[in-house]
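File shown: run-v3.cif (mmCIF, N, CA and C atoms).
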data_data
loop_
_atom_site.label_atom_id
_atom_site.label_comp_id
_atom_site.auth_asym_id
_atom_site.auth_seq_id
_atom_site.Cartn_x
_atom_site.Cartn_y
_atom_site.Cartn_z
N MET A 1049 25.93 -19.49 -21.88
CA MET A 1049 24.92 -19.46 -20.86
C MET A 1049 24.08 -18.19 -21.06
N VAL A 1050 22.80 -18.33 -20.88
CA VAL A 1050 21.85 -17.26 -21.18
C VAL A 1050 21.62 -16.38 -19.94
N GLY A 1051 21.43 -15.08 -20.17
CA GLY A 1051 21.14 -14.16 -19.08
C GLY A 1051 22.39 -13.51 -18.54
N GLU A 1052 22.19 -12.46 -17.75
CA GLU A 1052 23.31 -11.72 -17.20
C GLU A 1052 23.89 -12.37 -15.95
N LYS A 1053 23.08 -13.21 -15.31
CA LYS A 1053 23.59 -13.94 -14.15
C LYS A 1053 22.89 -15.29 -14.08
N PRO A 1054 23.38 -16.20 -13.23
CA PRO A 1054 22.81 -17.54 -13.16
C PRO A 1054 21.32 -17.52 -12.81
N PRO A 1055 20.62 -18.61 -13.18
CA PRO A 1055 19.18 -18.69 -12.90
C PRO A 1055 18.90 -18.75 -11.40
N ASN A 1056 17.68 -18.39 -11.04
CA ASN A 1056 17.25 -18.48 -9.64
C ASN A 1056 17.09 -19.94 -9.25
N VAL A 1057 17.33 -20.21 -7.98
CA VAL A 1057 17.07 -21.53 -7.43
C VAL A 1057 16.12 -21.34 -6.24
N MET A 1058 15.10 -22.16 -6.20
CA MET A 1058 14.16 -22.16 -5.08
C MET A 1058 14.40 -23.45 -4.29
N ILE A 1059 14.03 -23.42 -3.02
CA ILE A 1059 13.99 -24.67 -2.26
C ILE A 1059 12.53 -24.93 -1.95
N GLU A 1060 12.19 -26.20 -1.95
CA GLU A 1060 10.81 -26.61 -1.68
C GLU A 1060 10.81 -27.49 -0.43
N ILE A 1061 9.99 -27.08 0.55
CA ILE A 1061 9.87 -27.81 1.80
C ILE A 1061 8.38 -27.99 2.08
N GLU A 1062 7.94 -29.24 2.11
CA GLU A 1062 6.53 -29.56 2.36
C GLU A 1062 5.59 -28.72 1.50
N ASP A 1063 5.82 -28.71 0.19
CA ASP A 1063 5.00 -28.03 -0.81
C ASP A 1063 5.05 -26.50 -0.73
N GLN A 1064 5.93 -25.94 0.07
CA GLN A 1064 6.14 -24.49 0.13
C GLN A 1064 7.46 -24.18 -0.56
N LYS A 1065 7.47 -23.11 -1.38
CA LYS A 1065 8.71 -22.73 -2.05
C LYS A 1065 9.30 -21.48 -1.40
N TYR A 1066 10.61 -21.47 -1.30
CA TYR A 1066 11.34 -20.36 -0.71
C TYR A 1066 12.49 -19.98 -1.63
N GLU A 1067 12.82 -18.69 -1.66
CA GLU A 1067 13.92 -18.22 -2.49
C GLU A 1067 15.25 -18.47 -1.78
N THR A 1068 16.28 -18.65 -2.60
CA THR A 1068 17.64 -18.69 -2.07
C THR A 1068 18.32 -17.37 -2.44
N ILE A 1069 19.45 -17.10 -1.85
CA ILE A 1069 20.20 -15.88 -2.15
C ILE A 1069 21.45 -16.26 -2.93
N LEU A 1070 21.57 -15.68 -4.12
CA LEU A 1070 22.72 -15.95 -4.98
C LEU A 1070 23.96 -15.35 -4.36
N GLY A 1071 25.01 -16.16 -4.27
CA GLY A 1071 26.29 -15.70 -3.76
C GLY A 1071 27.29 -15.60 -4.90
N THR A 1072 28.47 -16.11 -4.68
CA THR A 1072 29.54 -16.10 -5.67
C THR A 1072 29.12 -16.86 -6.92
N TYR A 1073 29.49 -16.32 -8.09
CA TYR A 1073 29.22 -17.03 -9.34
C TYR A 1073 30.16 -16.59 -10.45
N CYS A 1074 30.30 -17.46 -11.46
CA CYS A 1074 30.97 -17.13 -12.72
C CYS A 1074 29.98 -17.43 -13.83
N TRP A 1075 29.79 -16.49 -14.72
CA TRP A 1075 28.80 -16.59 -15.78
C TRP A 1075 29.39 -15.99 -17.04
N SER A 1076 28.63 -15.96 -18.12
CA SER A 1076 29.13 -15.41 -19.39
C SER A 1076 29.51 -13.93 -19.26
N THR A 1077 28.95 -13.25 -18.26
CA THR A 1077 29.21 -11.82 -18.05
C THR A 1077 30.41 -11.58 -17.15
N GLY A 1078 31.00 -12.65 -16.61
CA GLY A 1078 32.14 -12.51 -15.71
C GLY A 1078 31.86 -13.15 -14.37
N CYS A 1079 32.76 -12.90 -13.42
CA CYS A 1079 32.64 -13.51 -12.10
C CYS A 1079 32.33 -12.46 -11.04
N VAL A 1080 31.55 -12.88 -10.05
CA VAL A 1080 31.21 -12.04 -8.91
C VAL A 1080 31.55 -12.83 -7.65
N ASP A 1081 32.32 -12.23 -6.76
CA ASP A 1081 32.72 -12.88 -5.52
C ASP A 1081 32.02 -12.19 -4.36
N THR A 1082 31.32 -12.96 -3.54
CA THR A 1082 30.59 -12.38 -2.40
C THR A 1082 31.15 -12.92 -1.09
N ILE A 1083 30.63 -12.42 0.01
CA ILE A 1083 30.99 -12.92 1.32
C ILE A 1083 30.39 -14.31 1.51
N GLY A 1084 30.80 -14.99 2.58
CA GLY A 1084 30.33 -16.35 2.84
C GLY A 1084 28.86 -16.42 3.22
N PRO A 1085 28.30 -17.64 3.25
CA PRO A 1085 26.87 -17.83 3.50
C PRO A 1085 26.37 -17.21 4.81
N VAL A 1086 27.10 -17.38 5.89
CA VAL A 1086 26.63 -16.87 7.18
C VAL A 1086 26.53 -15.34 7.14
N GLU A 1087 27.56 -14.68 6.61
CA GLU A 1087 27.55 -13.22 6.51
C GLU A 1087 26.50 -12.75 5.51
N LEU A 1088 26.39 -13.45 4.39
CA LEU A 1088 25.43 -13.09 3.34
C LEU A 1088 23.99 -13.17 3.85
N LEU A 1089 23.73 -14.11 4.74
CA LEU A 1089 22.37 -14.35 5.25
C LEU A 1089 22.08 -13.61 6.56
N GLU A 1090 23.01 -12.79 7.00
CA GLU A 1090 22.81 -12.04 8.23
C GLU A 1090 21.54 -11.17 8.11
N GLY A 1091 20.67 -11.26 9.09
CA GLY A 1091 19.44 -10.48 9.04
C GLY A 1091 18.28 -11.20 8.38
N GLU A 1092 18.56 -12.33 7.71
CA GLU A 1092 17.48 -13.11 7.08
C GLU A 1092 16.79 -13.96 8.15
N THR A 1093 15.49 -14.09 8.07
CA THR A 1093 14.75 -14.94 8.99
C THR A 1093 14.89 -16.39 8.54
N PRO A 1094 15.38 -17.28 9.43
CA PRO A 1094 15.50 -18.69 9.04
C PRO A 1094 14.14 -19.31 8.71
N ILE A 1095 14.14 -20.24 7.79
CA ILE A 1095 12.93 -20.99 7.45
C ILE A 1095 12.74 -22.04 8.54
N SER A 1096 11.59 -22.04 9.17
CA SER A 1096 11.30 -22.97 10.25
C SER A 1096 10.92 -24.34 9.65
N VAL A 1097 11.63 -25.39 10.07
CA VAL A 1097 11.38 -26.73 9.53
C VAL A 1097 11.34 -27.77 10.65
N LYS A 1098 10.72 -28.90 10.34
CA LYS A 1098 10.69 -30.04 11.25
C LYS A 1098 11.98 -30.85 11.08
N PRO A 1099 12.41 -31.55 12.13
CA PRO A 1099 13.61 -32.38 12.02
C PRO A 1099 13.47 -33.41 10.90
N GLY A 1100 14.51 -33.56 10.09
CA GLY A 1100 14.56 -34.58 9.05
C GLY A 1100 13.72 -34.32 7.81
N VAL A 1101 13.07 -33.17 7.73
CA VAL A 1101 12.21 -32.88 6.58
C VAL A 1101 13.05 -32.82 5.29
N VAL A 1102 12.44 -33.17 4.16
CA VAL A 1102 13.13 -33.15 2.87
C VAL A 1102 13.15 -31.73 2.32
N ILE A 1103 14.33 -31.32 1.86
CA ILE A 1103 14.52 -30.02 1.22
C ILE A 1103 14.91 -30.29 -0.23
N LYS A 1104 14.09 -29.81 -1.16
CA LYS A 1104 14.31 -30.07 -2.58
C LYS A 1104 14.77 -28.78 -3.27
N PHE A 1105 15.77 -28.91 -4.14
CA PHE A 1105 16.27 -27.78 -4.92
C PHE A 1105 15.56 -27.74 -6.26
N VAL A 1106 15.02 -26.56 -6.63
CA VAL A 1106 14.25 -26.41 -7.86
C VAL A 1106 14.87 -25.31 -8.72
N MET A 1107 15.24 -25.68 -9.96
CA MET A 1107 15.80 -24.72 -10.91
C MET A 1107 15.06 -24.86 -12.23
N ASP A 1108 14.44 -23.77 -12.67
CA ASP A 1108 13.70 -23.76 -13.93
C ASP A 1108 14.62 -23.18 -15.00
N TYR A 1109 15.54 -24.01 -15.49
CA TYR A 1109 16.54 -23.54 -16.45
C TYR A 1109 17.09 -24.73 -17.21
N GLU A 1110 17.34 -24.54 -18.49
CA GLU A 1110 17.99 -25.56 -19.31
C GLU A 1110 19.19 -24.93 -19.99
N PRO A 1111 20.31 -25.59 -20.11
CA PRO A 1111 20.58 -26.92 -19.55
C PRO A 1111 20.76 -26.87 -18.04
N LYS A 1112 20.43 -27.99 -17.41
CA LYS A 1112 20.62 -28.10 -15.97
C LYS A 1112 22.12 -28.25 -15.68
N PRO A 1113 22.57 -27.76 -14.51
CA PRO A 1113 23.96 -28.01 -14.15
C PRO A 1113 24.20 -29.51 -14.00
N ASN A 1114 25.45 -29.93 -14.15
CA ASN A 1114 25.73 -31.36 -14.07
C ASN A 1114 26.67 -31.75 -12.93
N GLN A 1115 27.04 -30.76 -12.09
CA GLN A 1115 27.77 -31.06 -10.86
C GLN A 1115 27.15 -30.25 -9.73
N PHE A 1116 27.05 -30.87 -8.54
CA PHE A 1116 26.38 -30.25 -7.40
C PHE A 1116 27.18 -30.50 -6.13
N HIS A 1117 27.07 -29.58 -5.19
CA HIS A 1117 27.80 -29.68 -3.93
C HIS A 1117 27.02 -28.92 -2.87
N VAL A 1118 26.80 -29.52 -1.70
CA VAL A 1118 26.07 -28.84 -0.63
C VAL A 1118 26.92 -28.85 0.64
N THR A 1119 27.07 -27.66 1.24
CA THR A 1119 27.77 -27.51 2.51
C THR A 1119 26.79 -26.97 3.54
N GLN A 1120 26.82 -27.57 4.73
CA GLN A 1120 25.99 -27.13 5.85
C GLN A 1120 26.92 -26.50 6.89
N ILE A 1121 26.49 -25.36 7.44
CA ILE A 1121 27.29 -24.69 8.47
C ILE A 1121 26.42 -24.52 9.70
N ASN A 1122 26.94 -25.02 10.83
CA ASN A 1122 26.24 -24.91 12.11
C ASN A 1122 27.29 -24.63 13.17
N GLU A 1123 27.17 -23.46 13.82
CA GLU A 1123 28.12 -23.06 14.87
C GLU A 1123 29.56 -23.20 14.38
N ASP A 1124 29.87 -22.61 13.25
CA ASP A 1124 31.21 -22.60 12.65
C ASP A 1124 31.72 -23.97 12.20
N LYS A 1125 30.88 -24.99 12.25
CA LYS A 1125 31.29 -26.32 11.78
C LYS A 1125 30.71 -26.55 10.39
N ARG A 1126 31.60 -26.83 9.43
CA ARG A 1126 31.18 -27.08 8.05
C ARG A 1126 31.10 -28.58 7.80
N THR A 1127 29.98 -29.01 7.18
CA THR A 1127 29.76 -30.41 6.90
C THR A 1127 29.30 -30.55 5.45
N GLU A 1128 29.87 -31.52 4.74
CA GLU A 1128 29.40 -31.82 3.39
C GLU A 1128 28.10 -32.63 3.55
N VAL A 1129 27.10 -32.27 2.75
CA VAL A 1129 25.80 -32.95 2.83
C VAL A 1129 25.58 -33.72 1.54
N GLU A 1130 25.17 -34.98 1.67
CA GLU A 1130 24.92 -35.80 0.49
C GLU A 1130 23.63 -35.38 -0.18
N LEU A 1131 23.73 -35.17 -1.48
CA LEU A 1131 22.58 -34.77 -2.29
C LEU A 1131 22.07 -36.01 -3.01
N LYS A 1132 20.78 -36.30 -2.83
CA LYS A 1132 20.17 -37.46 -3.50
C LYS A 1132 19.02 -36.97 -4.36
N GLY A 1133 19.19 -36.99 -5.68
CA GLY A 1133 18.12 -36.58 -6.59
C GLY A 1133 17.66 -35.15 -6.33
N ASN A 1134 18.61 -34.22 -6.18
CA ASN A 1134 18.31 -32.80 -5.93
C ASN A 1134 17.62 -32.57 -4.60
N ARG A 1135 17.82 -33.48 -3.65
CA ARG A 1135 17.19 -33.36 -2.33
C ARG A 1135 18.22 -33.61 -1.23
N ILE A 1136 17.99 -32.94 -0.09
CA ILE A 1136 18.73 -33.23 1.13
C ILE A 1136 17.71 -33.34 2.25
N SER A 1137 18.14 -33.85 3.39
CA SER A 1137 17.27 -33.91 4.56
C SER A 1137 17.77 -32.93 5.60
N ALA A 1138 16.84 -32.24 6.25
CA ALA A 1138 17.20 -31.33 7.34
C ALA A 1138 17.78 -32.16 8.49
N PRO A 1139 18.64 -31.55 9.29
CA PRO A 1139 19.18 -32.27 10.45
C PRO A 1139 18.07 -32.66 11.42
N ILE A 1140 18.38 -33.62 12.28
CA ILE A 1140 17.45 -34.07 13.30
C ILE A 1140 17.56 -33.15 14.53
N GLN A 1141 18.77 -32.70 14.82
CA GLN A 1141 19.00 -31.85 15.99
C GLN A 1141 18.48 -30.44 15.78
N LYS A 1142 17.88 -29.89 16.83
CA LYS A 1142 17.39 -28.51 16.77
C LYS A 1142 18.56 -27.56 16.60
N GLY A 1143 18.29 -26.43 15.93
CA GLY A 1143 19.33 -25.43 15.76
C GLY A 1143 19.17 -24.67 14.46
N ILE A 1144 20.09 -23.72 14.24
CA ILE A 1144 20.08 -22.92 13.02
C ILE A 1144 21.20 -23.43 12.12
N TYR A 1145 20.85 -23.69 10.86
CA TYR A 1145 21.78 -24.26 9.89
C TYR A 1145 21.80 -23.39 8.63
N TYR A 1146 23.01 -23.05 8.21
CA TYR A 1146 23.21 -22.30 6.98
C TYR A 1146 23.65 -23.28 5.88
N TYR A 1147 23.16 -23.04 4.67
CA TYR A 1147 23.50 -23.92 3.55
C TYR A 1147 24.06 -23.14 2.38
N ASN A 1148 25.01 -23.78 1.70
CA ASN A 1148 25.62 -23.26 0.49
C ASN A 1148 25.49 -24.36 -0.55
N TYR A 1149 24.69 -24.09 -1.60
CA TYR A 1149 24.40 -25.06 -2.67
C TYR A 1149 25.17 -24.61 -3.91
N GLY A 1150 26.22 -25.34 -4.23
CA GLY A 1150 27.05 -24.99 -5.39
C GLY A 1150 26.70 -25.86 -6.58
N VAL A 1151 26.59 -25.21 -7.76
CA VAL A 1151 26.30 -25.95 -9.00
C VAL A 1151 27.28 -25.52 -10.09
N TRP A 1152 27.59 -26.46 -10.98
CA TRP A 1152 28.50 -26.21 -12.09
C TRP A 1152 27.92 -26.73 -13.39
N TRP A 1153 28.12 -25.99 -14.46
CA TRP A 1153 27.78 -26.43 -15.80
C TRP A 1153 29.09 -26.84 -16.46
N MET A 1154 29.47 -28.10 -16.28
CA MET A 1154 30.75 -28.58 -16.80
C MET A 1154 30.60 -29.02 -18.26
N ASP A 1155 31.66 -28.80 -19.04
CA ASP A 1155 31.67 -29.23 -20.43
C ASP A 1155 31.56 -30.75 -20.49
N GLU A 1156 30.71 -31.23 -21.40
CA GLU A 1156 30.48 -32.67 -21.51
C GLU A 1156 31.66 -33.39 -22.16
N GLU A 1157 32.46 -32.67 -22.94
CA GLU A 1157 33.53 -33.31 -23.70
C GLU A 1157 34.93 -32.96 -23.22
N VAL A 1158 35.12 -31.74 -22.74
CA VAL A 1158 36.45 -31.31 -22.31
C VAL A 1158 36.52 -31.35 -20.78
N GLU A 1159 37.43 -32.18 -20.27
CA GLU A 1159 37.54 -32.36 -18.83
C GLU A 1159 37.96 -31.07 -18.12
N ASN A 1160 37.38 -30.83 -16.95
CA ASN A 1160 37.71 -29.69 -16.10
C ASN A 1160 37.43 -28.32 -16.71
N VAL A 1161 36.51 -28.24 -17.67
CA VAL A 1161 36.13 -26.95 -18.25
C VAL A 1161 34.70 -26.64 -17.82
N SER A 1162 34.54 -25.50 -17.14
CA SER A 1162 33.23 -25.08 -16.65
C SER A 1162 32.68 -23.96 -17.53
N HIS A 1163 31.40 -24.05 -17.86
CA HIS A 1163 30.73 -22.99 -18.63
C HIS A 1163 30.01 -22.01 -17.71
N GLY A 1164 30.05 -22.28 -16.42
CA GLY A 1164 29.42 -21.40 -15.44
C GLY A 1164 29.27 -22.13 -14.12
N ASP A 1165 29.22 -21.35 -13.05
CA ASP A 1165 28.96 -21.94 -11.73
C ASP A 1165 28.26 -20.90 -10.87
N ALA A 1166 27.59 -21.37 -9.84
CA ALA A 1166 26.87 -20.47 -8.95
C ALA A 1166 26.71 -21.12 -7.58
N PHE A 1167 26.68 -20.27 -6.56
CA PHE A 1167 26.48 -20.73 -5.19
C PHE A 1167 25.26 -20.04 -4.61
N TYR A 1168 24.29 -20.84 -4.14
CA TYR A 1168 23.03 -20.35 -3.61
C TYR A 1168 23.01 -20.61 -2.10
N ASN A 1169 22.43 -19.68 -1.36
CA ASN A 1169 22.50 -19.76 0.09
C ASN A 1169 21.12 -19.62 0.73
N PHE A 1170 20.92 -20.35 1.84
CA PHE A 1170 19.69 -20.22 2.61
C PHE A 1170 19.96 -20.68 4.04
N VAL A 1171 19.05 -20.32 4.94
CA VAL A 1171 19.18 -20.67 6.35
C VAL A 1171 17.87 -21.27 6.85
N ILE A 1172 18.00 -22.36 7.64
CA ILE A 1172 16.82 -22.99 8.23
C ILE A 1172 16.99 -23.04 9.75
N GLU A 1173 15.85 -23.17 10.42
CA GLU A 1173 15.87 -23.43 11.86
C GLU A 1173 15.06 -24.68 12.11
N VAL A 1174 15.74 -25.71 12.64
CA VAL A 1174 15.07 -26.97 12.97
C VAL A 1174 14.46 -26.81 14.35
N ASN A 1175 13.13 -27.02 14.43
CA ASN A 1175 12.40 -26.85 15.71
C ASN A 1175 12.07 -28.19 16.34
#
Same coordinates, now as structure tokens:
Amino acid sequence: MVGEKPPNVMIEIEDQKYETILGTYCWSTGCVDTIGPVELLEGETPISVKPGVVIKFVMDYEPKPNQFHVTQINEDKRTEVELKGNRISAPIQKGIYYYNYGVWWMDEEVENVSHGDAFYNFVIEVN
């Protein structure tokens, strides 16, 4: 894997791009363990979104990761979110939601071997 740490990931909401905050990762340079998404995002201003709006994950890096996982946290409740074509939908209910987007670069030939992984974090407020 190229670089000292995993590539940046942006989220795109209604043609606006926003940065995510890199959390825990393992890369060619080693592993870094950080605090959880809610603590990591403390002090960050939530991105204001409309209910149900599409949130797209954008990574300008090759090779692309081949495994993905999204967790949503709202009032200490963790929910797995289905990812469809690098997209999720914002909740319908108003509130503040924290997200943890995990990606893995798994070996194509050797089962259960990862060449790198990274967890990206962001917070939205549904109005």
- Grab the CA of Pro1094 in chain A to CA of Gln1120 in chain A distance for me, in Å with one decimal place.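 Pair CA of Pro1094 in chain A / CA of Gln1120 in chain A returns 13.8 Å.
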- Task: Name the residues captured by the PyMOL selection byres (((chain A and resi 1052-1055 and name CA) around 9) and name CA) when it is applied to the shown file; answer as a ChimeraX atom specification.
- Result: /A:1049-1051,1056-1057,1070,1073-1078,1107-1109,1164-1166
Reference answer for the PyMOL selection byres ((chain A and resi 1100) around 6.5), as a CSV table (one decimal) with N, CA and C atoms, keeping the file's coordinate frame:
chain,number,residue,atom,x,y,z
A,1098,LYS,N,10.7,-28.9,10.3
A,1098,LYS,CA,10.7,-30.0,11.2
A,1098,LYS,C,12.0,-30.8,11.1
A,1099,PRO,N,12.4,-31.6,12.1
A,1099,PRO,CA,13.6,-32.4,12.0
A,1099,PRO,C,13.5,-33.4,10.9
A,1101,VAL,N,13.1,-33.2,7.7
A,1101,VAL,CA,12.2,-32.9,6.6
A,1101,VAL,C,13.0,-32.8,5.3
A,1102,VAL,N,12.4,-33.2,4.2
A,1102,VAL,CA,13.1,-33.2,2.9
A,1102,VAL,C,13.2,-31.7,2.3
A,1137,SER,N,18.1,-33.8,3.4
A,1137,SER,CA,17.3,-33.9,4.6
A,1137,SER,C,17.8,-32.9,5.6
A,1138,ALA,N,16.8,-32.2,6.2
A,1138,ALA,CA,17.2,-31.3,7.3
A,1138,ALA,C,17.8,-32.2,8.5
A,1139,PRO,N,18.6,-31.6,9.3
A,1139,PRO,CA,19.2,-32.3,10.4
A,1139,PRO,C,18.1,-32.7,11.4
A,1140,ILE,N,18.4,-33.6,12.3
A,1140,ILE,CA,17.4,-34.1,13.3
A,1140,ILE,C,17.6,-33.2,14.5
A,1141,GLN,N,18.8,-32.7,14.8
A,1141,GLN,CA,19.0,-31.8,16.0
A,1141,GLN,C,18.5,-30.4,15.8
- Nearby residues (only N, CA and C atoms) at most 5 Å from range 1151-1163 of chain A, same-chain spacing under 5 positions excluded, as a VMD selection string: chain A and resid 1113 to 1116
- Query: Expanded to explicit residues, what is the PyMOL selection byres (((chain A and resi 1121-1136 and name CA) around 9) and name CA) for this file, as JSON, numbers by chain?
  - Reply: {"A": [1085, 1086, 1101, 1102, 1103, 1104, 1105, 1106, 1116, 1117, 1118, 1119, 1120, 1137, 1138, 1143, 1144, 1145, 1146, 1147, 1148]}
- What is the atom N of Gly1084 in chain A to atom C of Glu1060 in chain A distance in Å? 23.8 Å
- Message: Considering only C-alpha atoms, can you say which of A:Glu1173, A:Glu1110, A:Glu1092, A:Glu1087 comes closest to Thr1068 in chain A?
- Response: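 Distance minimum relative to Thr1068 in chain A lands on A:Glu1092.
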- Task: Calculate how many Å separate atom C of Asn1169 in chain A from CA of Glu1067 in chain A, rounding to one decimal.
- Result: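 We find that atom C of Asn1169 in chain A and CA of Glu1067 in chain A lie 8.0 Å from each other.
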- Identify, with DSSP run on backbone atoms, the residues in chain A assigned to helix (DSSP H, G or I), and express the list as a list in words.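 Here are the helix (DSSP H, G or I) residues of chain A: Pro1085, Val1086, Glu1087 and Leu1088 of chain A.
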Report as JSON the centre and the edge lengths, in Å to one decimal, of the axis-aligned box holding every listed atom of range 1117-1132 of chain A, padded by 8 Å on each side.
{"center_x": 25.4, "center_y": -30.0, "center_z": 4.8, "size_x": 28.7, "size_y": 30.9, "size_z": 36.1}
Could you pull range 1078-1153 of chain A out of the structure just shown and give C-alpha atoms as a CSV table (one decimal), in the first residue's frame?
chain,number,residue,atom,x,y,z
A,1078,GLY,CA,2.0,-0.1,11.1
A,1079,CYS,CA,-1.2,0.3,13.0
A,1080,VAL,CA,-2.7,3.3,14.8
A,1081,ASP,CA,-5.5,2.9,17.4
A,1082,THR,CA,-7.6,5.9,18.2
A,1083,ILE,CA,-10.6,6.6,20.4
A,1084,GLY,CA,-14.1,5.9,19.1
A,1085,PRO,CA,-16.1,8.0,16.6
A,1086,VAL,CA,-18.1,10.0,19.2
A,1087,GLU,CA,-15.0,11.0,21.2
A,1088,LEU,CA,-12.9,11.6,18.0
A,1089,LEU,CA,-15.6,14.0,16.6
A,1090,GLU,CA,-16.1,15.9,19.9
A,1091,GLY,CA,-16.0,19.6,19.0
A,1092,GLU,CA,-16.7,19.0,15.3
A,1093,THR,CA,-19.7,20.9,13.8
A,1094,PRO,CA,-22.2,18.3,12.4
A,1095,ILE,CA,-23.0,18.5,8.7
A,1096,SER,CA,-26.5,19.8,8.4
A,1097,VAL,CA,-28.6,17.5,6.1
A,1098,LYS,CA,-32.2,16.9,5.0
A,1099,PRO,CA,-33.9,13.7,6.1
A,1100,GLY,CA,-33.2,10.7,3.8
A,1101,VAL,CA,-30.6,12.6,1.7
A,1102,VAL,CA,-28.0,10.4,0.0
A,1103,ILE,CA,-24.4,10.4,1.4
A,1104,LYS,CA,-21.8,9.1,-1.0
A,1105,PHE,CA,-18.3,8.0,0.0
A,1106,VAL,CA,-15.5,9.2,-2.4
A,1107,MET,CA,-12.0,7.8,-2.4
A,1108,ASP,CA,-9.4,8.9,-5.0
A,1109,TYR,CA,-7.1,5.9,-4.6
A,1110,GLU,CA,-6.2,2.7,-6.5
A,1111,PRO,CA,-6.6,-0.1,-5.7
A,1112,LYS,CA,-10.0,0.5,-4.1
A,1113,PRO,CA,-10.8,-1.4,-0.9
A,1114,ASN,CA,-12.9,-4.5,-1.5
A,1115,GLN,CA,-14.7,-4.7,1.9
A,1116,PHE,CA,-16.8,-2.0,3.5
A,1117,HIS,CA,-18.7,-1.6,6.7
A,1118,VAL,CA,-20.8,1.4,8.1
A,1119,THR,CA,-21.9,1.9,11.7
A,1120,GLN,CA,-24.3,4.7,12.8
A,1121,ILE,CA,-24.3,5.9,16.4
A,1122,ASN,CA,-27.2,7.9,17.8
A,1123,GLU,CA,-27.7,8.4,21.5
A,1124,ASP,CA,-25.3,5.4,22.4
A,1125,LYS,CA,-27.3,3.1,20.0
A,1126,ARG,CA,-25.1,1.5,17.3
A,1127,THR,CA,-26.8,0.4,14.1
A,1128,GLU,CA,-25.3,-1.3,11.0
A,1129,VAL,CA,-26.1,0.7,7.9
A,1130,GLU,CA,-26.5,-1.0,4.5
A,1131,LEU,CA,-24.1,0.4,1.9
A,1132,LYS,CA,-25.4,0.4,-1.7
A,1133,GLY,CA,-22.9,1.3,-4.3
A,1134,ASN,CA,-20.7,3.4,-1.9
A,1135,ARG,CA,-23.8,5.3,-0.7
A,1136,ILE,CA,-26.0,5.4,2.3
A,1137,SER,CA,-29.1,7.4,3.1
A,1138,ALA,CA,-29.4,9.8,6.1
A,1139,PRO,CA,-32.0,8.9,8.7
A,1140,ILE,CA,-35.5,10.3,8.4
A,1141,GLN,CA,-35.7,11.2,12.1
A,1142,LYS,CA,-34.2,14.5,13.3
A,1143,GLY,CA,-31.1,14.2,15.4
A,1144,ILE,CA,-27.3,14.0,15.5
A,1145,TYR,CA,-25.8,10.9,14.0
A,1146,TYR,CA,-22.1,9.7,14.2
A,1147,TYR,CA,-20.8,7.5,11.5
A,1148,ASN,CA,-17.8,5.1,11.3
A,1149,TYR,CA,-16.9,3.9,7.7
A,1150,GLY,CA,-14.6,1.0,7.8
A,1151,VAL,CA,-12.8,-0.2,4.7
A,1152,TRP,CA,-10.4,-3.2,4.1
A,1153,TRP,CA,-8.0,-4.1,1.3
